[in-house]
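Visitor: To be precise about what I am sending: the file is called coords-v3.pdb and holds PDB, C-alpha atoms.
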ATOM      1  CA  MET M 962       0.000   0.000   0.000
ATOM      2  CA  ARG M 963       1.324   3.408  -0.930
ATOM      3  CA  GLU M 964      -1.223   5.597   0.780
ATOM      4  CA  LEU M 965      -3.404   5.272   3.862
ATOM      5  CA  SER M 966      -6.609   5.870   1.903
ATOM      6  CA  LEU M 967      -6.020   2.484   0.228
ATOM      7  CA  ASN M 968      -5.765   0.803   3.640
ATOM      8  CA  VAL M 969      -9.039   2.490   4.588
ATOM      9  CA  LEU M 970     -10.677   1.166   1.419
ATOM     10  CA  ASP M 971      -9.435  -2.322   2.229
ATOM     11  CA  ILE M 972     -10.522  -2.266   5.891
ATOM     12  CA  ALA M 973     -13.937  -0.807   5.037
ATOM     13  CA  GLN M 974     -14.503  -3.729   2.643
ATOM     14  CA  ASN M 975     -14.263  -5.988   5.709
ATOM     15  CA  SER M 976     -17.187  -4.057   7.197
ATOM     16  CA  VAL M 977     -19.139  -4.588   3.977
ATOM     17  CA  SER M 978     -18.365  -8.324   4.115
ATOM     18  CA  ALA M 979     -19.535  -8.361   7.737
ATOM     19  CA  ASN M 980     -22.969  -7.213   6.493
ATOM     20  CA  ALA M 981     -22.753  -3.783   8.087
ATOM     21  CA  SER M 982     -25.543  -1.454   7.006
ATOM     22  CA  LEU M 983     -23.796   1.660   8.350
ATOM     23  CA  ILE M 984     -20.061   2.277   8.130
ATOM     24  CA  GLN M 985     -18.436   5.353   9.588
ATOM     25  CA  ILE M 986     -14.979   6.512   8.529
ATOM     26  CA  GLU M 987     -13.346   9.191  10.587
ATOM     27  CA  VAL M 988     -10.062  10.933   9.753
ATOM     28  CA  ASN M 989      -8.842  13.251  12.452
ATOM     29  CA  GLU M 990      -5.724  15.415  12.222
ATOM     30  CA  ASN M 991      -4.574  16.923  15.473
ATOM     31  CA  THR M 992      -1.578  19.220  15.110
ATOM     32  CA  SER M 993      -1.126  19.913  18.825
ATOM     33  CA  ASP M 994      -0.894  16.173  19.653
ATOM     34  CA  ASP M 995       0.907  15.566  16.344
ATOM     35  CA  THR M 996      -1.416  12.659  15.556
ATOM     36  CA  LEU M 997      -3.468  11.473  12.628
ATOM     37  CA  THR M 998      -6.250   9.158  13.776
ATOM     38  CA  ILE M 999      -8.316   6.952  11.493
ATOM     39  CA  ILE M1000     -11.352   5.208  12.982
ATOM     40  CA  ILE M1001     -13.561   2.809  11.045
ATOM     41  CA  THR M1002     -16.764   1.859  12.852
ATOM     42  CA  ASP M1003     -19.387  -0.559  11.595
ATOM     43  CA  ASN M1004     -22.574  -2.221  12.801
ATOM     44  CA  GLY M1005     -21.737  -5.533  11.141
ATOM     45  CA  LYS M1006     -21.765  -9.001  12.632
ATOM     46  CA  GLY M1007     -18.702  -8.384  14.819
ATOM     47  CA  MET M1008     -16.008 -10.802  15.944
ATOM     48  CA  THR M1009     -15.395 -12.977  18.951
ATOM     49  CA  HIS M1010     -12.554 -12.188  21.345
ATOM     50  CA  GLU M1011     -10.492 -15.009  19.791
ATOM     51  CA  GLN M1012     -11.043 -13.694  16.266
ATOM     52  CA  VAL M1013      -9.950 -10.186  17.292
ATOM     53  CA  GLU M1014      -6.710 -11.638  18.661
ATOM     54  CA  LYS M1015      -6.077 -13.634  15.498
ATOM     55  CA  VAL M1016      -7.019 -11.008  12.927
ATOM     56  CA  VAL M1017      -3.710  -9.115  13.236
ATOM     57  CA  ASN M1018      -1.902 -12.309  12.292
ATOM     58  CA  PRO M1019      -1.150 -12.361   8.549
ATOM     59  CA  PHE M1020      -1.802 -16.089   8.472
ATOM     60  CA  TYR M1021      -5.387 -15.719   9.609
ATOM     61  CA  THR M1022      -8.175 -15.150   7.103
ATOM     62  CA  THR M1023     -11.788 -16.136   6.627
ATOM     63  CA  ARG M1024     -11.577 -16.309   2.878
ATOM     64  CA  THR M1025     -11.024 -19.562   1.080
ATOM     65  CA  THR M1026      -8.979 -18.533  -1.965
ATOM     66  CA  ARG M1027      -5.730 -18.046   0.016
ATOM     67  CA  ARG M1028      -4.380 -18.859   3.444
ATOM     68  CA  VAL M1029      -3.113 -15.340   4.161
ATOM     69  CA  GLY M1030      -5.000 -12.168   5.088
ATOM     70  CA  LEU M1031      -2.903  -9.029   4.929
ATOM     71  CA  GLY M1032      -5.425  -6.180   5.142
ATOM     72  CA  VAL M1033      -5.450  -5.677   8.901
ATOM     73  CA  PRO M1034      -1.727  -6.496   9.407
ATOM     74  CA  PHE M1035      -0.770  -3.885   6.750
ATOM     75  CA  PHE M1036      -2.859  -1.210   8.439
ATOM     76  CA  LYS M1037      -1.405  -2.059  11.848
ATOM     77  CA  MET M1038       2.142  -1.984  10.470
ATOM     78  CA  ALA M1039       1.539   1.414   8.823
ATOM     79  CA  ALA M1040       0.405   2.848  12.182
ATOM     80  CA  GLU M1041       3.169   1.316  14.258
ATOM     81  CA  MET M1042       6.006   2.284  11.925
ATOM     82  CA  SER M1043       4.965   5.934  12.259
ATOM     83  CA  GLY M1044       5.255   5.712  16.058
ATOM     84  CA  GLY M1045       1.513   5.233  16.490
ATOM     85  CA  SER M1046      -0.743   2.463  17.696
ATOM     86  CA  PHE M1047      -3.519   0.176  16.523
ATOM     87  CA  SER M1048      -6.510  -1.419  18.182
ATOM     88  CA  ILE M1049      -9.674  -3.343  17.368
ATOM     89  CA  LYS M1050     -12.757  -3.509  19.532
ATOM     90  CA  SER M1051     -15.497  -5.828  18.488
ATOM     91  CA  GLU M1052     -18.614  -7.452  19.817
ATOM     92  CA  VAL M1053     -20.520 -10.263  18.140
ATOM     93  CA  GLY M1054     -23.835  -8.997  16.806
ATOM     94  CA  LYS M1055     -22.988  -5.350  17.462
ATOM     95  CA  GLY M1056     -20.088  -4.383  15.219
ATOM     96  CA  THR M1057     -16.430  -3.509  15.077
ATOM     97  CA  ILE M1058     -14.305  -0.423  15.707
ATOM     98  CA  VAL M1059     -10.843  -0.269  14.146
ATOM     99  CA  THR M1060      -8.644   2.557  15.418
ATOM    100  CA  ALA M1061      -5.252   3.447  13.963
ATOM    101  CA  ILE M1062      -3.212   6.323  15.356
ATOM    102  CA  PHE M1063      -0.282   7.669  13.317
ATOM    103  CA  GLY M1064       2.509  10.102  14.109
ATOM    104  CA  LEU M1065       1.346  13.050  12.001
ATOM    105  CA  SER M1066       4.787  14.527  11.241
ATOM    106  CA  ASN M1067       6.678  11.227  11.445
ATOM    107  CA  VAL M1068       8.811  10.692   8.306
ATOM    108  CA  ASP M1069       7.681   7.064   8.169
ATOM    109  CA  ARG M1070       4.002   7.947   8.074
ATOM    110  CA  MET M1071       2.496   7.197   4.682
ATOM    111  CA  PRO M1072       0.589  10.046   3.073
ATOM    112  CA  LEU M1073      -3.160   9.934   3.581
ATOM    113  CA  GLY M1074      -3.689  10.002  -0.188
ATOM    114  CA  ASP M1075      -6.926  10.285  -2.086
ATOM    115  CA  MET M1076      -9.662   9.806   0.529
ATOM    116  CA  THR M1077     -12.292  11.213  -1.844
ATOM    117  CA  SER M1078     -11.635   8.382  -4.253
ATOM    118  CA  THR M1079     -11.909   5.815  -1.441
ATOM    119  CA  ILE M1080     -15.223   7.167  -0.154
ATOM    120  CA  SER M1081     -16.765   7.550  -3.603
ATOM    121  CA  LEU M1082     -15.697   4.040  -4.586
ATOM    122  CA  LEU M1083     -17.216   2.584  -1.409
ATOM    123  CA  ILE M1084     -20.509   4.377  -2.077
ATOM    124  CA  ARG M1085     -20.476   3.464  -5.776
ATOM    125  CA  CYS M1086     -19.963  -0.248  -5.221
ATOM    126  CA  ASN M1087     -22.117  -0.613  -2.092
ATOM    127  CA  CYS M1088     -25.064   1.646  -2.712
ATOM    128  CA  ASP M1089     -27.263  -0.555  -0.525
ATOM    129  CA  ARG M1090     -25.169   0.487   2.523
ATOM    130  CA  ASP M1091     -24.832   3.826   4.282
ATOM    131  CA  PHE M1092     -21.580   5.638   4.914
ATOM    132  CA  ILE M1093     -20.604   8.502   7.161
ATOM    133  CA  TYR M1094     -17.348  10.295   6.437
ATOM    134  CA  LYS M1095     -16.022  12.664   9.086
ATOM    135  CA  ARG M1096     -12.951  14.761   8.394
ATOM    136  CA  THR M1097     -11.516  16.812  11.211
ATOM    137  CA  LYS M1098      -8.483  19.061  11.510
ATOM    138  CA  ASP M1099      -8.052  20.599  14.956
ATOM    139  CA  ASP M1100     -11.253  22.589  15.560
ATOM    140  CA  LYS M1101     -12.673  22.314  12.031
ATOM    141  CA  GLN M1102     -14.849  19.453  10.823
ATOM    142  CA  PHE M1103     -17.143  18.405   8.026
ATOM    143  CA  ILE M1104     -19.411  15.368   7.699
ATOM    144  CA  VAL M1105     -20.989  13.593   4.754
ATOM    145  CA  ASP M1106     -23.776  11.188   5.656
ATOM    146  CA  THR M1107     -25.353   9.159   2.859
ATOM    147  CA  ARG M1108     -28.536   8.776   4.926
ATOM    148  CA  GLN M1109     -28.998  12.537   4.699
ATOM    149  CA  LEU M1110     -28.256  12.492   0.949
ATOM    150  CA  ARG M1111     -30.847   9.737   0.479
ATOM    151  CA  THR M1112     -33.602  11.886   1.983
ATOM    152  CA  ILE M1113     -32.898  14.463  -0.720
ATOM    153  CA  LEU M1114     -32.438  11.926  -3.521
ATOM    154  CA  GLY M1115     -35.610   9.937  -2.908
ATOM    155  CA  ASP M1116     -35.564   6.923  -5.237
ATOM    156  CA  VAL M1117     -32.557   8.128  -7.249
ATOM    157  CA  PRO M1118     -29.680   5.810  -6.258
ATOM    158  CA  LEU M1119     -26.428   7.094  -4.744
ATOM    159  CA  ASN M1120     -24.407   5.476  -7.535
ATOM    160  CA  GLU M1121     -26.026   7.560 -10.264
ATOM    161  CA  PRO M1122     -22.989   9.062 -12.090
ATOM    162  CA  ASP M1123     -24.028  12.723 -11.619
ATOM    163  CA  VAL M1124     -24.778  12.107  -7.939
ATOM    164  CA  LEU M1125     -21.364  10.529  -7.362
ATOM    165  CA  LYS M1126     -19.681  13.403  -9.174
ATOM    166  CA  TRP M1127     -21.485  15.809  -6.833
ATOM    167  CA  ILE M1128     -20.406  13.772  -3.786
ATOM    168  CA  GLU M1129     -16.771  13.815  -4.958
ATOM    169  CA  ASP M1130     -16.787  17.575  -5.558
ATOM    170  CA  TYR M1131     -18.547  18.108  -2.230
ATOM    171  CA  ILE M1132     -15.895  16.096  -0.344
ATOM    172  CA  ASN M1133     -13.026  17.790  -2.196
ATOM    173  CA  GLU M1134     -14.285  21.312  -1.561
ATOM    174  CA  ASN M1135     -14.996  20.641   2.092
ATOM    175  CA  THR M1136     -11.657  18.884   2.615
ATOM    176  CA  THR M1137      -9.868  21.948   1.258
ATOM    177  CA  ALA M1138     -11.986  24.194   3.509
ATOM    178  CA  VAL M1139     -11.149  22.122   6.602
ATOM    179  CA  CYS M1140      -7.561  21.098   5.921
ATOM    180  CA  GLY M1141      -6.188  23.593   3.420
ATOM    181  CA  ASN M1142      -4.520  22.269   0.308
ATOM    182  CA  ASN M1143      -3.428  18.775   1.257
TER     183      ASN M1143
ATOM    184  CA  MET Z 447     -19.254  25.630  -2.918
ATOM    185  CA  LYS Z 448     -21.435  22.595  -3.664
ATOM    186  CA  SER Z 449     -24.838  22.891  -2.042
ATOM    187  CA  LEU Z 450     -27.596  20.434  -1.209
ATOM    188  CA  ALA Z 451     -29.911  22.452  -3.467
ATOM    189  CA  GLU Z 452     -27.659  21.514  -6.346
ATOM    190  CA  LEU Z 453     -28.107  17.861  -5.399
ATOM    191  CA  GLN Z 454     -31.879  18.301  -5.686
ATOM    192  CA  ALA Z 455     -31.457  19.574  -9.240
ATOM    193  CA  ILE Z 456     -29.285  16.539 -10.048
ATOM    194  CA  ARG Z 457     -32.003  14.284  -8.636
ATOM    195  CA  ASP Z 458     -34.660  15.761 -10.895
ATOM    196  CA  LYS Z 459     -32.460  15.373 -13.949
ATOM    197  CA  ALA Z 460     -31.454  11.810 -12.984
ATOM    198  CA  LYS Z 461     -35.099  10.780 -12.616
ATOM    199  CA  GLN Z 462     -35.722  11.549 -16.266
ATOM    200  CA  ASN Z 463     -32.635   9.615 -17.348
ATOM    201  CA  MET Z 464     -33.593   6.625 -15.191
ATOM    202  CA  GLN Z 465     -36.753   6.061 -17.193
ATOM    203  CA  ILE Z 466     -34.698   5.816 -20.368
ATOM    204  CA  ARG Z 467     -32.202   3.493 -18.732
ATOM    205  CA  GLU Z 468     -34.703   0.957 -17.431
ATOM    206  CA  GLU Z 469     -35.411  -0.048 -20.985
ATOM    207  CA  SER Z 470     -31.790  -1.020 -21.622
ATOM    208  CA  ASP Z 471     -30.805  -3.002 -18.516
ATOM    209  CA  ALA Z 472     -27.093  -3.599 -17.972
ATOM    210  CA  VAL Z 473     -26.112  -6.678 -19.934
ATOM    211  CA  LYS Z 474     -22.353  -6.143 -19.803
ATOM    212  CA  ARG Z 475     -20.505  -6.349 -16.519
ATOM    213  CA  VAL Z 476     -16.991  -5.184 -15.672
ATOM    214  CA  VAL Z 477     -15.839  -6.685 -12.371
ATOM    215  CA  VAL Z 478     -12.652  -5.399 -10.721
ATOM    216  CA  GLY Z 479     -10.898  -7.443  -7.997
ATOM    217  CA  MET Z 480     -10.705  -5.180  -4.948
ATOM    218  CA  ALA Z 481      -9.287  -7.273  -2.113
ATOM    219  CA  THR Z 482      -6.005  -6.350  -0.384
ATOM    220  CA  CYS Z 483      -4.018  -7.807  -3.285
ATOM    221  CA  GLY Z 484      -5.934  -5.872  -5.938
ATOM    222  CA  ILE Z 485      -5.919  -2.590  -4.033
ATOM    223  CA  ALA Z 486      -2.175  -2.826  -3.335
ATOM    224  CA  ALA Z 487      -1.492  -3.527  -7.029
ATOM    225  CA  GLY Z 488      -3.458  -0.471  -8.179
ATOM    226  CA  ALA Z 489      -7.056  -1.608  -8.706
ATOM    227  CA  ARG Z 490      -8.604   1.660  -7.525
ATOM    228  CA  PRO Z 491      -7.354   3.828 -10.436
ATOM    229  CA  VAL Z 492      -8.289   1.014 -12.833
ATOM    230  CA  LEU Z 493     -11.873   0.913 -11.550
ATOM    231  CA  ASN Z 494     -12.091   4.715 -11.681
ATOM    232  CA  ALA Z 495     -10.792   4.683 -15.266
ATOM    233  CA  PHE Z 496     -13.508   2.193 -16.280
ATOM    234  CA  VAL Z 497     -16.192   4.313 -14.612
ATOM    235  CA  ASP Z 498     -14.939   7.480 -16.355
ATOM    236  CA  GLU Z 499     -14.633   5.845 -19.766
ATOM    237  CA  VAL Z 500     -18.076   4.217 -19.547
ATOM    238  CA  ALA Z 501     -19.625   7.537 -18.444
ATOM    239  CA  LYS Z 502     -17.825   9.466 -21.183
ATOM    240  CA  ARG Z 503     -19.269   7.198 -23.856
ATOM    241  CA  HIS Z 504     -22.725   7.048 -22.219
ATOM    242  CA  LEU Z 505     -22.699   3.236 -22.237
ATOM    243  CA  THR Z 506     -25.903   2.663 -20.279
ATOM    244  CA  ASP Z 507     -25.734  -1.124 -20.753
ATOM    245  CA  VAL Z 508     -22.425  -1.484 -18.849
ATOM    246  CA  ALA Z 509     -22.203  -1.960 -15.069
ATOM    247  CA  VAL Z 510     -18.814  -1.495 -13.356
ATOM    248  CA  THR Z 511     -18.601  -3.340 -10.042
ATOM    249  CA  GLN Z 512     -16.085  -4.849  -7.643
ATOM    250  CA  THR Z 513     -15.416  -8.227  -6.139
ATOM    251  CA  GLY Z 514     -13.057  -9.747  -3.574
ATOM    252  CA  CYS Z 515      -9.940 -11.811  -4.207
ATOM    253  CA  ILE Z 516     -10.311 -13.830  -7.380
ATOM    254  CA  GLY Z 517      -7.411 -16.079  -6.296
ATOM    255  CA  ILE Z 518      -4.714 -15.054  -8.785
ATOM    256  CA  CYS Z 519      -3.046 -12.319  -6.718
ATOM    257  CA  GLN Z 520       0.162 -12.398  -8.782
ATOM    258  CA  TYR Z 521      -1.785 -11.082 -11.782
ATOM    259  CA  GLU Z 522      -3.546  -8.189 -10.026
ATOM    260  CA  PRO Z 523      -5.106  -5.820 -10.919
ATOM    261  CA  VAL Z 524      -7.506  -8.384 -12.423
ATOM    262  CA  VAL Z 525     -10.618  -7.364 -14.329
ATOM    263  CA  GLU Z 526     -13.325  -9.720 -15.570
ATOM    264  CA  VAL Z 527     -15.604  -8.719 -18.413
ATOM    265  CA  MET Z 528     -18.889 -10.587 -18.671
ATOM    266  CA  ILE Z 529     -21.209 -10.105 -21.591
ATOM    267  CA  SER Z 530     -24.378 -12.170 -21.564
ATOM    268  CA  GLY Z 531     -24.248 -15.021 -24.035
ATOM    269  CA  GLN Z 532     -20.434 -14.905 -24.269
ATOM    270  CA  GLU Z 533     -17.605 -16.522 -22.353
ATOM    271  CA  LYS Z 534     -16.100 -14.509 -19.471
ATOM    272  CA  VAL Z 535     -12.808 -12.753 -20.337
ATOM    273  CA  THR Z 536     -10.173 -12.216 -17.626
ATOM    274  CA  TYR Z 537      -7.771  -9.299 -18.071
ATOM    275  CA  VAL Z 538      -4.636  -9.245 -15.916
ATOM    276  CA  LYS Z 539      -2.026  -6.655 -14.855
ATOM    277  CA  MET Z 540      -4.474  -3.939 -15.784
ATOM    278  CA  THR Z 541      -3.554  -0.258 -15.776
ATOM    279  CA  PRO Z 542      -5.685   2.870 -16.309
ATOM    280  CA  GLU Z 543      -3.918   3.268 -19.691
ATOM    281  CA  LYS Z 544      -5.196  -0.112 -20.904
ATOM    282  CA  VAL Z 545      -8.794   0.649 -19.946
ATOM    283  CA  ALA Z 546      -9.759   2.815 -22.937
ATOM    284  CA  ARG Z 547      -8.869   0.014 -25.342
ATOM    285  CA  VAL Z 548     -10.810  -2.625 -23.423
ATOM    286  CA  VAL Z 549     -13.867  -0.364 -23.378
ATOM    287  CA  ASN Z 550     -13.558   0.508 -27.051
ATOM    288  CA  ASP Z 551     -12.611  -2.873 -28.511
ATOM    289  CA  HIS Z 552     -14.402  -5.261 -26.171
ATOM    290  CA  LEU Z 553     -17.391  -3.501 -24.588
ATOM    291  CA  VAL Z 554     -18.333  -1.407 -27.600
ATOM    292  CA  ASN Z 555     -17.184  -3.491 -30.556
ATOM    293  CA  GLY Z 556     -17.280  -6.981 -29.040
ATOM    294  CA  ASN Z 557     -13.638  -7.952 -29.698
ATOM    295  CA  PRO Z 558     -11.691  -8.974 -26.563
ATOM    296  CA  VAL Z 559      -8.183  -7.455 -26.330
ATOM    297  CA  VAL Z 560      -6.354 -10.784 -26.468
ATOM    298  CA  GLU Z 561      -2.890  -9.521 -25.505
ATOM    299  CA  TYR Z 562      -4.156  -8.207 -22.128
ATOM    300  CA  THR Z 563      -5.850 -11.465 -21.155
ATOM    301  CA  ILE Z 564      -4.602 -14.060 -18.697
ATOM    302  CA  GLY Z 565      -4.155 -16.527 -21.560
ATOM    303  CA  ALA Z 566      -1.622 -14.235 -23.258
ATOM    304  CA  TYR Z 567       0.324 -13.703 -19.983
ATOM    305  CA  GLN Z 568       0.642 -17.364 -19.160
ATOM    306  CA  LYS Z 569       2.275 -18.249 -22.483
TER     307      LYS Z 569
END
With the file now loaded, output its structure as structure tokens.
Guide:
Amino acid sequence: MRELSLNVLDIAQNSVSANASLIQIEVNENTSDDTLTIIITDNGKGMTHEQVEKVVNPFYTTRTTRRVGLGVPFFKMAAEMSGGSFSIKSEVGKGTIVTAIFGLSNVDRMPLGDMTSTISLLIRCNCDRDFIYKRTKDDKQFIVDTRQLRTILGDVPLNEPDVLKWIEDYINENTTAVCGNN
Amino acid sequence: MKSLAELQAIRDKAKQNMQIREESDAVKRVVVGMATCGIAAGARPVLNAFVDEVAKRHLTDVAVTQTGCIGICQYEPVVEVMISGQEKVTYVKMTPEKVARVVNDHLVNGNPVVEYTIGAYQK
């Protein structure tokens, strides 16, 4: 992985596979603590305590095409090599919270990359699910919630090309307003 | 700045287009492998390139979707093209640059781009 937004895309797919109907992705830059925090929360089927312990092991996976599962281990490695930390909290039947904390100015922290592309791709390919994207930098924040967009759209689906284009522009403009040009 | 009012206008326009589209249901499917292996190899720009190219040409009978690990991680990014009534074609080591040709030759004109397929790579 070359950018953190790709890790987010990968981890959020796990939430989709876990039958989550609502997935929240939070990216929080805090310059005074010098941290970048990414939190992915879902209301999917959750994991048992044993599964949570095993999921950071690259040789654990639920899929059947291969015996390795690198998504979570990659994300954990990316956090730890930037002087940060990684944790998973999960409860069967309730959902999962994945938290990765990065050293914001650490030279080994991967760039966040194209989060707009990640969010729009998730919405495009999973338009039966809802997503919340929260982007925070210090005291500024913006939120996109597909449940709110649905009330405006009525029976027009979220993956309608013009709608997705609007969502992308909306995220880009608001990201620049909150974070400046990065 | 984008406003929610603008989204309402898009909705009204999309509703008209939807009625046209229902008559020509998607019969061609482009499926991009988007598991860890695909994403790490560059599947996201490939999927975006397909979406852009299909939108640019107004191909209303093409659906671009994603799937998990297809099981041939060494060939990622992998893209499968399924056209009803024809055999599935698997493209390997895809790049955004290759996408325009697949859309033009295969999806529009019905001729698979043989040199991008898994069969050509394994020789």
Visitor: Hey, what comes out of the PyMOL selection byres ((chain Z and resi 516) around 12) on this file? Could you write it as a count of residues only?
Guide: 29
Visitor: Taking all atoms listed in the file into account, report as JSON, numbers by chain which residues of chain Z lie within 10 Å of chain M.
Guide: {"Z": [447, 448, 449, 450, 451, 452, 453, 454, 455, 456, 457, 458, 459, 460, 461, 463, 464, 480, 481, 482, 483, 484, 485, 486, 487, 488, 489, 490, 491, 493, 494, 497, 498, 501, 510, 511, 512, 513, 514, 515, 516, 517, 518, 519]}
Visitor: Could you tell me which residues the PyMOL selection byres ((chain M and resi 1004-1006) around 7) grabs in this file, written as an MDAnalysis selection string?
Guide: chainID M and resid 976 979:984 1003 1007:1008 1053:1057
Visitor: Would you compute the distance between atom CA of Z:Val545 and atom CA of Z:Val560? Give it in Å to one decimal.
Guide: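 It comes out at 13.4 Å.
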Visitor: Written as a PDB file with C-alpha atoms, in the coordinates of the input, which residues does the PyMOL selection byres ((chain M and resi 1013) around 10) give for the file shown?
Guide:
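File written: out-v7.pdb
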ATOM      1  CA  GLY M1007     -18.702  -8.384  14.819  1.00  0.00           C
ATOM      2  CA  MET M1008     -16.008 -10.802  15.944  1.00  0.00           C
ATOM      3  CA  THR M1009     -15.395 -12.977  18.951  1.00  0.00           C
ATOM      4  CA  HIS M1010     -12.554 -12.188  21.345  1.00  0.00           C
ATOM      5  CA  GLU M1011     -10.492 -15.009  19.791  1.00  0.00           C
ATOM      6  CA  GLN M1012     -11.043 -13.694  16.266  1.00  0.00           C
ATOM      7  CA  GLU M1014      -6.710 -11.638  18.661  1.00  0.00           C
ATOM      8  CA  LYS M1015      -6.077 -13.634  15.498  1.00  0.00           C
ATOM      9  CA  VAL M1016      -7.019 -11.008  12.927  1.00  0.00           C
ATOM     10  CA  VAL M1017      -3.710  -9.115  13.236  1.00  0.00           C
ATOM     11  CA  ASN M1018      -1.902 -12.309  12.292  1.00  0.00           C
ATOM     12  CA  SER M1048      -6.510  -1.419  18.182  1.00  0.00           C
ATOM     13  CA  ILE M1049      -9.674  -3.343  17.368  1.00  0.00           C
ATOM     14  CA  LYS M1050     -12.757  -3.509  19.532  1.00  0.00           C
ATOM     15  CA  SER M1051     -15.497  -5.828  18.488  1.00  0.00           C
ATOM     16  CA  GLU M1052     -18.614  -7.452  19.817  1.00  0.00           C
ATOM     17  CA  THR M1057     -16.430  -3.509  15.077  1.00  0.00           C
TER      18      THR M1057
END
Visitor: Just how far from atom CA of Z:Pro558 is atom CA of Z:Glu499, in Å to one decimal?
Guide: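 Separation of atom CA of Z:Glu499 and atom CA of Z:Pro558: 16.6 Å.
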Visitor: Using all atoms listed in the file, which of the listed residues (M:Ser1066, M:Asn1120, M:Gln1102, M:Thr996) sits closest to M:Val1139?
Guide: M:Gln1102
Visitor: Could you state the separation of atom CA of M:Lys1098 and atom CA of M:Ile999 in Å, given to one decimal place?
Guide: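 Rounded to one decimal, the two atoms are 12.1 Å apart.
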Visitor: What's the 10 Å shell around M:Thr998, counting only C-alpha atoms, without same-chain residues fewer than 4 positions away, as a PyMOL selection string?
Guide: chain M and resi 987-991+1040+1045-1047+1060-1065+1097
Visitor: Nearest to M:Lys1095 among M:Asn1067, M:Ser1043, M:Ser993, M:Thr1002, with distances taken over all atoms listed in the file: which residue is it?
Guide: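 Residue with the minimum atom-to-atom distance to M:Lys1095: M:Thr1002.
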Visitor: When distances are computed from only C-alpha atoms, which of M:Ile986, M:Val977, M:Ile1000, M:Ala1039 shows the smallest separation from M:Val1105?
Guide: M:Ile986
Visitor: Can you work out which one of Z:Thr541, Z:Gln462, Z:Thr506, Z:Gln532 has the shortest atom-to-atom distance to Z:Gly556, counting only C-alpha atoms?
Guide: Z:Gln532
Visitor: So, with all atoms listed in the file as the atoms that count, which of M:Asp1091, M:Asp1106, M:Glu1129, M:Asp995 lies closest to M:Gly1044?
Guide: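 Closest candidate: M:Asp995.
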